[in-house]
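These notes concern the structure reproduced below.
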Amino acid sequence: MAIEFSNVWYRYPGSRKWVLSSVDVGFDESRIYVVFGPNGSGKTTLLKIASLIYRPVKGKVFAWGYDYWSLPNSKRIELRRRIVYVHEKPVLFKGTVEYNIAYGLMIRGLDRHEALVKARVLLEKLGLSYLADKKTNGLSAGEAQLVAILRAIVLEPRILVLDEPFAHLDSSKRDKIMELVLELRENGTGVVIASHDVFLAKAIAERVIVVENGKVLKPD
Ligand SMILES: Nc1ncnc2c1ncn2[C@@H]1O[C@H](COP(=O)(O)OP(=O)(O)OP(=O)(O)O)[C@@H](O)[C@H]1O
Ligand SMILES: [Mg+2]
């Protein structure tokens with residue numbers, strides 16, 4: 001299992017209310033998961049713990065077999081890079097779409113030119129080349145969401161975590177992302193999607209994880 005929760009509890013700093021309690025759940029490569037549940041049930045919190053961003057208050061998170069939060073920093077960084085989380089309200093940098101998509105690759109040490117080429121190739125593949133030179137402050141909400149997703153995909157994570165990725169997308173863009181998600185899965189990436197949309201969940205998920213009131217319901 002790539003990511004495995006073992007009796008995970010979480011509450012936000014300064015709050016006494018448990019937002020997640022006693023969660024045991026696992027996410028593997030080459031699988032699609034949908035985390036489903038009402039507003040405030042704990043989906044985003046669960047996704048951020050799975051993405052190794054939040055540290056559980058109680059319990060453990062294993063990442064590729066390692067007890068992640070007990071590891072030294074250098075090892076954590078290496079494992080952390082295998083997972084990319086796309087925020088439900090993504091913030092893009094100033095500059096062009098192409099630059100935004102290429103930026104993460106540059107940070108990871110790829111040559112600027114090569115990074116920009118990769119960004120262009122990805123945009124082209126999705127029929128979105130017209131966006132490449134657009135400034136991000138002139139994008140619609142749906143376009144911005146797409147760019148945020150592409151910015152994650154270009155990093156070729158082993159686990160891609162998408163928090164409500166379809167909220168602003170029209171049906172044709174949503175279909176494009178769904179196709180891409182299926183292709184990623186074929187190539188070995190695990191995809192975790194938080195969504196309120198039960199139809200979507202059932203359409204693409206191999207496993208639906210139902211969260212209610214901070215608890216993961218046991219499958220029937
Ligand atoms: N930064 C925070 N500080 C304190 N409480 C928080 C914080 N973020 C979320 N919460 C609380 O944690 C609970 C779970 O929130 P979370 O964002 O995980 O839910 P969600 O299922 O993703 O909801 P939505 O469907 O609206 O995105 C909610 O009660 C929320 O108020
Ligand atoms: Mg959320």
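Naming works like this for the structure tokens: A, B, ... for the chains as they're shown, residue 1 at the start of each chain, ligands 1 onward in shown order.
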
request  = Return as number ranges by chain every polymer residue, whether protein, DNA or RNA, with at least one atom no more than 10 Å from an atom of ligand 2; count only C-alpha atoms and all ligand atoms.
outcome  = A: 37-48, 87-89, 163-164, 194-196

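Here the DSSP assignment of alpha helix (DSSP H), based on backbone atoms, applies within range 59-109 of chain A to A:Asn73, A:Ser74, A:Lys75, A:Arg76, A:Ile77, A:Glu78, A:Leu79, A:Arg80, A:Val97, A:Glu98, A:Tyr99, A:Asn100, A:Ile101, A:Ala102, A:Tyr103, A:Gly104, A:Leu105, A:Met106, A:Ile107.
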
ask   = In terms of the shortest atom-to-atom distance over only C-alpha atoms, which of A:Leu184, A:Ala148, A:Val211, A:Ala141 is closest to Phe93 in chain A?
value =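 Closest to Phe93 in chain A, using only C-alpha atoms: A:Ala148.
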
query = For ligand 1, which of A:Phe62, A:Tyr130, A:Trp18, A:Trp69 is the closest residue, counting only C-alpha atoms and all ligand atoms?
reply =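 Smallest distance to ligand 1 is found for A:Trp18.
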
request  = Rank nothing, just name the residue among A:Gly59, A:Gly95, A:Gly14, A:Gly104 nearest to ligand 1, using only C-alpha atoms and all ligand atoms.
outcome  = A:Gly14

message = Which residues are close to Ile149 in chain A, i.e. within 9 Å by only C-alpha atoms, leaving aside same-chain residues fewer than 2 positions away? Reply as a PyMOL selection string.
response = chain A and resi 86+144-147+151-154+162+165+177

Atoms to include: C-alpha atoms. Write the selected residues as a PDB file, in the first residue's frame.
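That gives us part07.pdb:
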```
ATOM      1  CA  VAL A  86      -4.456  19.845  -5.791  1.00  0.00           C
ATOM      2  CA  ALA A 144      -7.804  28.015 -13.418  1.00  0.00           C
ATOM      3  CA  GLN A 145      -8.890  24.696 -11.975  1.00  0.00           C
ATOM      4  CA  LEU A 146      -7.733  22.878 -15.082  1.00  0.00           C
ATOM      5  CA  VAL A 147      -4.350  24.580 -14.949  1.00  0.00           C
ATOM      6  CA  ARG A 151       0.402  21.628 -12.893  1.00  0.00           C
ATOM      7  CA  ALA A 152       0.121  18.549 -10.675  1.00  0.00           C
ATOM      8  CA  ILE A 153      -0.045  15.974 -13.458  1.00  0.00           C
ATOM      9  CA  VAL A 154       3.088  17.259 -15.175  1.00  0.00           C
ATOM     10  CA  LEU A 162      -7.629  16.029  -6.336  1.00  0.00           C
ATOM     11  CA  PRO A 165     -11.629  18.963  -9.052  1.00  0.00           C
ATOM     12  CA  ILE A 177      -9.942  15.232 -16.910  1.00  0.00           C
TER      13      ILE A 177
END
```

Close residues, Trp9 in chain A itself excluded, 6 Å, only C-alpha atoms, min 4 positions apart in chain, as a list in words =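 Near neighbours after the sequence-gap exclusion: Leu20, Ser21, Ser22, Pro56, Val57 and Lys58 of chain A.
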
Next, write the just-selected residues to a file, as a short mmCIF file (atom, residue, chain, number, x, y, z; two decimals), in the first residue's frame, keeping N, CA and C atoms as the atom set.
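Heads up, here's the output in again.cif:
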```cif
data_model
loop_
_atom_site.label_atom_id
_atom_site.label_comp_id
_atom_site.auth_asym_id
_atom_site.auth_seq_id
_atom_site.Cartn_x
_atom_site.Cartn_y
_atom_site.Cartn_z
N LEU A 20 -11.39 14.15 12.48
CA LEU A 20 -11.32 12.76 12.02
C LEU A 20 -11.10 11.89 13.24
N SER A 21 -11.81 10.78 13.31
CA SER A 21 -11.57 9.89 14.45
C SER A 21 -11.44 8.45 13.99
N SER A 22 -10.40 7.84 14.48
CA SER A 22 -10.17 6.42 14.27
C SER A 22 -10.28 5.99 12.81
N PRO A 56 -1.04 13.61 11.67
CA PRO A 56 -2.14 13.21 12.55
C PRO A 56 -1.82 13.58 14.00
N VAL A 57 -2.86 13.88 14.77
CA VAL A 57 -2.66 14.16 16.19
C VAL A 57 -2.45 12.84 16.94
N LYS A 58 -3.19 11.81 16.53
CA LYS A 58 -2.98 10.45 17.06
C LYS A 58 -2.97 9.48 15.88
#
```

Counting only C-alpha atoms, the residue of A:Lys17, A:Tyr54, A:Glu124, A:Glu206 that sits nearest Leu182 in chain A = A:Glu206

task = Please provide as a list in words all residues within 7 Å of range 134-140 of chain A, with the sequence filter that same-chain residues fewer than 3 positions apart are discarded (counting only C-alpha atoms).
result =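 Result of the neighbour search: Leu92, Lys94, Gly95, Thr96, Val97, Leu131, Glu143 and Ala144 of chain A.
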
May I have the selected residues written with C-alpha atoms, as a compact mmCIF listing (two decimals), in the first residue's frame?
```txt
# COMPACT_ATOMS: atom_id res chain seq x y z
CA LEU A 92 -1.97 30.14 -9.35
CA LYS A 94 1.25 35.40 -11.72
CA GLY A 95 2.49 34.90 -15.27
CA THR A 96 1.43 32.62 -18.04
CA VAL A 97 -0.36 29.29 -17.89
CA LEU A 131 -4.25 28.69 -22.97
CA GLU A 143 -9.69 27.26 -16.63
CA ALA A 144 -7.80 28.01 -13.42
```
